[in-house]
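What follows is a single structure, written as structure tokens, with notes after it.
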Amino acid sequence: MSKQFDVIVIGAGPGGYIAAIRAAQLGFSVACVDEWKSATGGPAPGGTCTNVGCIPSKALLQSSEHFHHANHHFAEHGIAVEGVSMDVAKMVARKDTVVKQNNEGILYLFKKNKVSFFHGRGAFVKAQPEGYTIEVSGAASETLLGKQIIVATGSSARALEQAPFDEKNILSNDGALRIGAVPKKLGLIGSGVIGLEMGSVWRRLGAEVTILEGLPTFLGVVDEQVAKEAHKAFTKQGLKIELGVTVGAVKAGKKGVSVAYTNAKGEAQALEVDKLIVSIGRVPNTTGLNAQAVGLKLDARGAIEVDGDCRTNLPGVWAVGDVVRGPMLAHKAEEEGVAVAERIAGQHGHVNFNTIPWVIYTSPEIAWVGQTEQQLKASGQAYKAGSFPFLANGRARALGDTTGFVKILADAATDEILGVHIVGPQASELISEAVVAMEFKASAEDIARICHAHPSLSEATKEAALAVDKRTLNF
Ligand code: FAD
Ligand code: NAI
């Protein structure tokens with residue numbers, strides 16, 4: 001006899017667990033199925049984000065930043081420290097504790113919201129008039145029947161064809177977050193978000209870091225001026241970034257990994273490293289779902305095909321997060337999860353894809369929302385630009401962190417904000433004001449007229465808005 005639910009969510013990453021909670025809040029009986037196992041084999045809900053993504057990477061970024069500050073910045077504050085050392089095992093254990101706290105938090109939230117959690121793999125069995133039969137196999141073995149199904153199975157690291165992950169020497173994001181000692185030499189393939197964040201962690205801890213990037217442009221999706229500033233800062237920190245390379249044979253041996261590649265000039269090169277992290281994008285997780293049993297349609301990339309509202313080709317089956325089109329970001333997955341639960345309830349759930357913020361948690365942080373200057377140029381849109389450097393911001397000077405700037409792009413005729421780009425301290429927090437402004441279709445003048453606390457980094461945003469009208473007060 002199968003257990004019956006109004007809504008079954010497959011996957012408990014940020015897309016799935018949030019969808020499950022929202023659906024339960026709306027009065028549905030909800031099951032959430034997730035197969036992720038903790039180190040001891042128990043349930044570990046939270047998906048990539050909690051287990052091997054957003055949360056653990058930020059924990060390591062924080063630890064390594066403290067280490068960097070103790071070594072390089074405390075002295076300028078008059079703090080003398082000697083013999084600073086890093087206990088990598090302790091740093092990794094702290095990261096694991098943070099992850100566990102988040103896993104447990106989600107299990108608590110499921111209980112609080114009366115979401116039934118099943119630990120195992122969920123797969124489609126068949127469609128029937130009352131809904132869809134889902135088989136759970138693993139720690140829990142159950143047959144479930146759901147009127148509505150939300151697929152939120154996420155994504156996994158893409159491997160180089162010639163170099164499958166062994167998680168000892170050739171590492172995905174999973175292995176990259178479990179390195180047990182600072183490698184003398186670390187190589188990374190791909191200077192995208194993971195390459196830069198993970199490269200920063202190990203560089204700060206003393207590794208010699210080389211990043212090999214296939215494209216000739218550094219951070220091509222980022223505003224060009226921001227990318228240029230960030231490249232300058234990363235190079236100064238000692239990250240070696242080689243652009244326009246073609247990676248060839250990769251060999252892992254006892255002594256580490258050797259990577260043969262061709263550089264931008266077409267010359268054959270070799271890179272010898274102790275560990276290699278491959279961060280060349282991610283692929284949607286659909287194997288194991290048994291999508292074919294019910295005729296669930298996938299696109300050419302293997303992602304589940306959905307419309308703008310996350311509807312699949314099957315009635316009552318929805319898909320959200322990394323397993324569908326769009327940016328692979330936790331907050332995008334969450335917003336889609338909430339919107340789908342609300343649509344199932346007959347409400348008008350909505351995700352504004354134009355105001356999804358991006359953050360790269362390097363130092364300086366990079367954050368943006370809306371269109372880049374190069375996108376506006378390419379589309380022929382008339383715009384005004386204003387920027388303000390943190391060098392002229394009192395709070396940034398007091399913090400001792402004056403790299404970067406805030407840049408605002410606004411419509412030339414209406415002054416509506418079209419994009420905000422920040423490189424510098426706390427960009428991840430500062431970007432929220434820009435997101436709110438864009439959601440409310442604010443003009444640059446609106447931000448310029450709002451009172452911002454002094455001294456605060458957010459004054460740089462106000463000044464950038466003033467700069468759009470060529471009337472900065474402090475620069
Ligand atoms: P996932 O989080 O991947 O969760 C999917 C879940 O479904 C997993 O638990 C999986 O085990 C489970 N599952 C899959 N198939 C089945 C099945 N058949 N049955 C049962 N369970 C199944 N994004 C940000 O916004 N900010 C960041 O700072 C950030 N940092 C990141 C750092 C790294 C190193 C990585 C790799 C990613 C990072 N991301 C970040 C991206 C973010 O992790 C993803 O966008 C997000 O996790 C997607 O959520 P999701 O719910 O779609 O899928
Ligand atoms: P990415 O798409 O950010 O970067 C991949 C990079 O690898 C690109 O620059 C690409 O040109 C390069 N590349 C691809 N194939 C290559 C090859 N064969 N040789 C050399 N270079 C190659 O992907 P990444 O860093 O793996 O991260 C995956 C996703 O996870 C991100 O796109 C993002 O959505 C998410 N993420 C988000 C974070 C955040 O929000 N702070 C942090 C980390 C990941």
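Each chain in the structure tokens gets a letter, A, B and so on, in the order shown; residues start at 1 in every chain, and ligands are counted from 1 in the order they appear.
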
Near-ligand residues for ligand 2, threshold 7 Å, only C-alpha atoms and all ligand atoms, as an NGL selection string: :A and (53-54 or 157 or 160 or 189-195 or 197 or 212-215 or 219 or 245-247 or 279-282 or 327-329 or 358-361)

Picked from range 354-412 of chain A by DSSP as helix (DSSP H, G or I), as number ranges by chain: A: 354-355, 373-379, 390-392, 394-399

Chain A near ligand 1 within 6 Å: what's each residue's closest atom pair and its distance in Å to one decimal, counting only C-alpha atoms and all ligand atoms, ordered by chain then ascending residue number, as a Markdown table?
```
| residue | atom | partner | partner_atom_place_in_ligand_line | distance |
| --- | --- | --- | --- | --- |
| A:Ile10 | CA | ligand 1 | 20 (C) | 5.3 |
| A:Gly11 | CA | ligand 1 | 7 (O) | 3.3 |
| A:Ala12 | CA | ligand 1 | 6 (C) | 4.9 |
| A:Gly13 | CA | ligand 1 | 4 (O) | 3.4 |
| A:Pro14 | CA | ligand 1 | 51 (O) | 4.1 |
| A:Gly15 | CA | ligand 1 | 51 (O) | 3.5 |
| A:Gly16 | CA | ligand 1 | 51 (O) | 5.2 |
| A:Val33 | CA | ligand 1 | 20 (C) | 5.2 |
| A:Asp34 | CA | ligand 1 | 21 (N) | 3.6 |
| A:Glu35 | CA | ligand 1 | 21 (N) | 4.3 |
| A:Trp36 | CA | ligand 1 | 11 (O) | 4.2 |
| A:Pro45 | CA | ligand 1 | 9 (O) | 5.9 |
| A:Gly46 | CA | ligand 1 | 9 (O) | 5.8 |
| A:Gly47 | CA | ligand 1 | 9 (O) | 3.2 |
| A:Thr48 | CA | ligand 1 | 2 (O) | 3.8 |
| A:Cys49 | CA | ligand 1 | 43 (O) | 3.5 |
| A:Val52 | CA | ligand 1 | 34 (C) | 5.9 |
| A:Gly53 | CA | ligand 1 | 33 (C) | 3.3 |
| A:Cys54 | CA | ligand 1 | 30 (N) | 3.2 |
| A:Ser57 | CA | ligand 1 | 32 (C) | 5.8 |
| A:Gly120 | CA | ligand 1 | 20 (C) | 5.7 |
| A:Arg121 | CA | ligand 1 | 19 (N) | 3.5 |
| A:Gly122 | CA | ligand 1 | 19 (N) | 3.7 |
| A:Ala123 | CA | ligand 1 | 18 (N) | 5.5 |
| A:Ala152 | CA | ligand 1 | 52 (O) | 5.2 |
| A:Thr153 | CA | ligand 1 | 7 (O) | 3.7 |
| A:Gly154 | CA | ligand 1 | 53 (O) | 3.1 |
| A:Ser155 | CA | ligand 1 | 3 (O) | 4.8 |
| A:Asn173 | CA | ligand 1 | 34 (C) | 4.9 |
| A:Ile194 | CA | ligand 1 | 34 (C) | 5.5 |
| A:Asn285 | CA | ligand 1 | 15 (N) | 5.9 |
| A:Gly288 | CA | ligand 1 | 18 (N) | 5.0 |
| A:Leu289 | CA | ligand 1 | 18 (N) | 4.5 |
| A:Gly321 | CA | ligand 1 | 52 (O) | 3.4 |
| A:Asp322 | CA | ligand 1 | 52 (O) | 4.0 |
| A:Val323 | CA | ligand 1 | 52 (O) | 5.9 |
| A:Met328 | CA | ligand 1 | 45 (O) | 4.0 |
| A:Leu329 | CA | ligand 1 | 45 (O) | 3.3 |
| A:Ala330 | CA | ligand 1 | 25 (O) | 3.8 |
| A:His331 | CA | ligand 1 | 25 (O) | 5.2 |
| A:Ala333 | CA | ligand 1 | 52 (O) | 5.2 |
```

Could you save the residues just selected, with C-alpha atoms, as a compact mmCIF listing (two decimals), in the first residue's frame?
```
# COMPACT_ATOMS: atom_id res chain seq x y z
CA ILE A 10 12.43 14.75 -4.98
CA GLY A 11 15.64 16.34 -3.69
CA ALA A 12 16.20 18.34 -0.51
CA GLY A 13 18.67 20.96 -1.75
CA PRO A 14 17.70 24.63 -1.49
CA GLY A 15 15.18 24.19 -4.32
CA GLY A 16 13.54 21.08 -2.88
CA VAL A 33 12.85 12.42 -0.63
CA ASP A 34 16.63 12.92 -0.59
CA GLU A 35 19.47 10.46 -0.93
CA TRP A 36 22.46 12.49 0.34
CA PRO A 45 19.45 17.20 3.58
CA GLY A 46 20.52 20.50 2.04
CA GLY A 47 21.90 19.18 -1.24
CA THR A 48 25.03 20.45 -2.94
CA CYS A 49 24.61 23.85 -1.34
CA VAL A 52 29.60 20.46 -0.80
CA GLY A 53 28.76 23.94 -2.07
CA CYS A 54 27.75 27.33 -0.75
CA SER A 57 33.05 26.84 0.73
CA GLY A 120 16.77 7.38 -0.19
CA ARG A 121 16.64 7.71 -3.94
CA GLY A 122 13.32 8.71 -5.46
CA ALA A 123 12.40 7.37 -8.90
CA ALA A 152 14.67 19.29 -7.48
CA THR A 153 17.52 16.84 -8.04
CA GLY A 154 20.22 19.48 -8.59
CA SER A 155 23.52 19.11 -10.40
CA ASN A 173 34.11 20.56 -5.56
CA ILE A 194 34.47 27.70 -8.00
CA ASN A 285 21.19 15.26 -12.10
CA GLY A 288 18.30 7.54 -11.28
CA LEU A 289 15.03 9.45 -11.62
CA GLY A 321 16.78 24.66 -9.40
CA ASP A 322 19.99 23.38 -10.99
CA VAL A 323 18.18 20.56 -12.80
CA MET A 328 22.87 27.46 -10.99
CA LEU A 329 22.40 29.44 -7.79
CA ALA A 330 20.89 28.40 -4.47
CA HIS A 331 18.67 31.48 -4.16
CA ALA A 333 16.46 27.40 -6.79
```

Pick from A:Val115, A:Val30, A:Val468, A:Val324 nearest to Val151 in chain A, counting only C-alpha atoms: A:Val324

Between CA of Ala176 in chain A and CA of Trp202 in chain A, distance in Å (one decimal):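 Going from CA of Ala176 in chain A over to CA of Trp202 in chain A, I get 9.7 Å.
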
Shell of 12 Å around Lys232 in chain A, only C-alpha atoms, local chain residues under 5 positions omitted, as number ranges by chain: A: 218, 225-227, 237-241, 363-364, 403-404, 423

Residue neighbourhood Asn352 in chain A, 10 Å, only C-alpha atoms, exclusion window fewer than 6 positions, as a VMD selection string: chain A and resid 332 335 to 336 439

Store the residues picked out above in a file with N, CA, C and O atoms, as a PDB file, in the first residue's frame.
```pdb
ATOM      1  N   LYS A 332      18.239  31.171  -6.544  1.00  0.00           N
ATOM      2  CA  LYS A 332      17.344  30.999  -7.711  1.00  0.00           C
ATOM      3  C   LYS A 332      16.512  29.738  -7.509  1.00  0.00           C
ATOM      4  O   LYS A 332      15.304  29.711  -7.743  1.00  0.00           O
ATOM      5  N   GLU A 335      13.776  30.409  -4.874  1.00  0.00           N
ATOM      6  CA  GLU A 335      12.673  31.240  -5.382  1.00  0.00           C
ATOM      7  C   GLU A 335      11.761  30.412  -6.273  1.00  0.00           C
ATOM      8  O   GLU A 335      10.532  30.539  -6.229  1.00  0.00           O
ATOM      9  N   GLU A 336      12.370  29.548  -7.110  1.00  0.00           N
ATOM     10  CA  GLU A 336      11.544  28.691  -7.970  1.00  0.00           C
ATOM     11  C   GLU A 336      10.728  27.713  -7.134  1.00  0.00           C
ATOM     12  O   GLU A 336       9.567  27.445  -7.437  1.00  0.00           O
ATOM     13  N   GLU A 439      13.878  45.797  -8.122  1.00  0.00           N
ATOM     14  CA  GLU A 439      12.535  45.192  -7.984  1.00  0.00           C
ATOM     15  C   GLU A 439      11.463  46.279  -7.977  1.00  0.00           C
ATOM     16  O   GLU A 439      10.363  46.087  -8.477  1.00  0.00           O
TER      17      GLU A 439
END
```
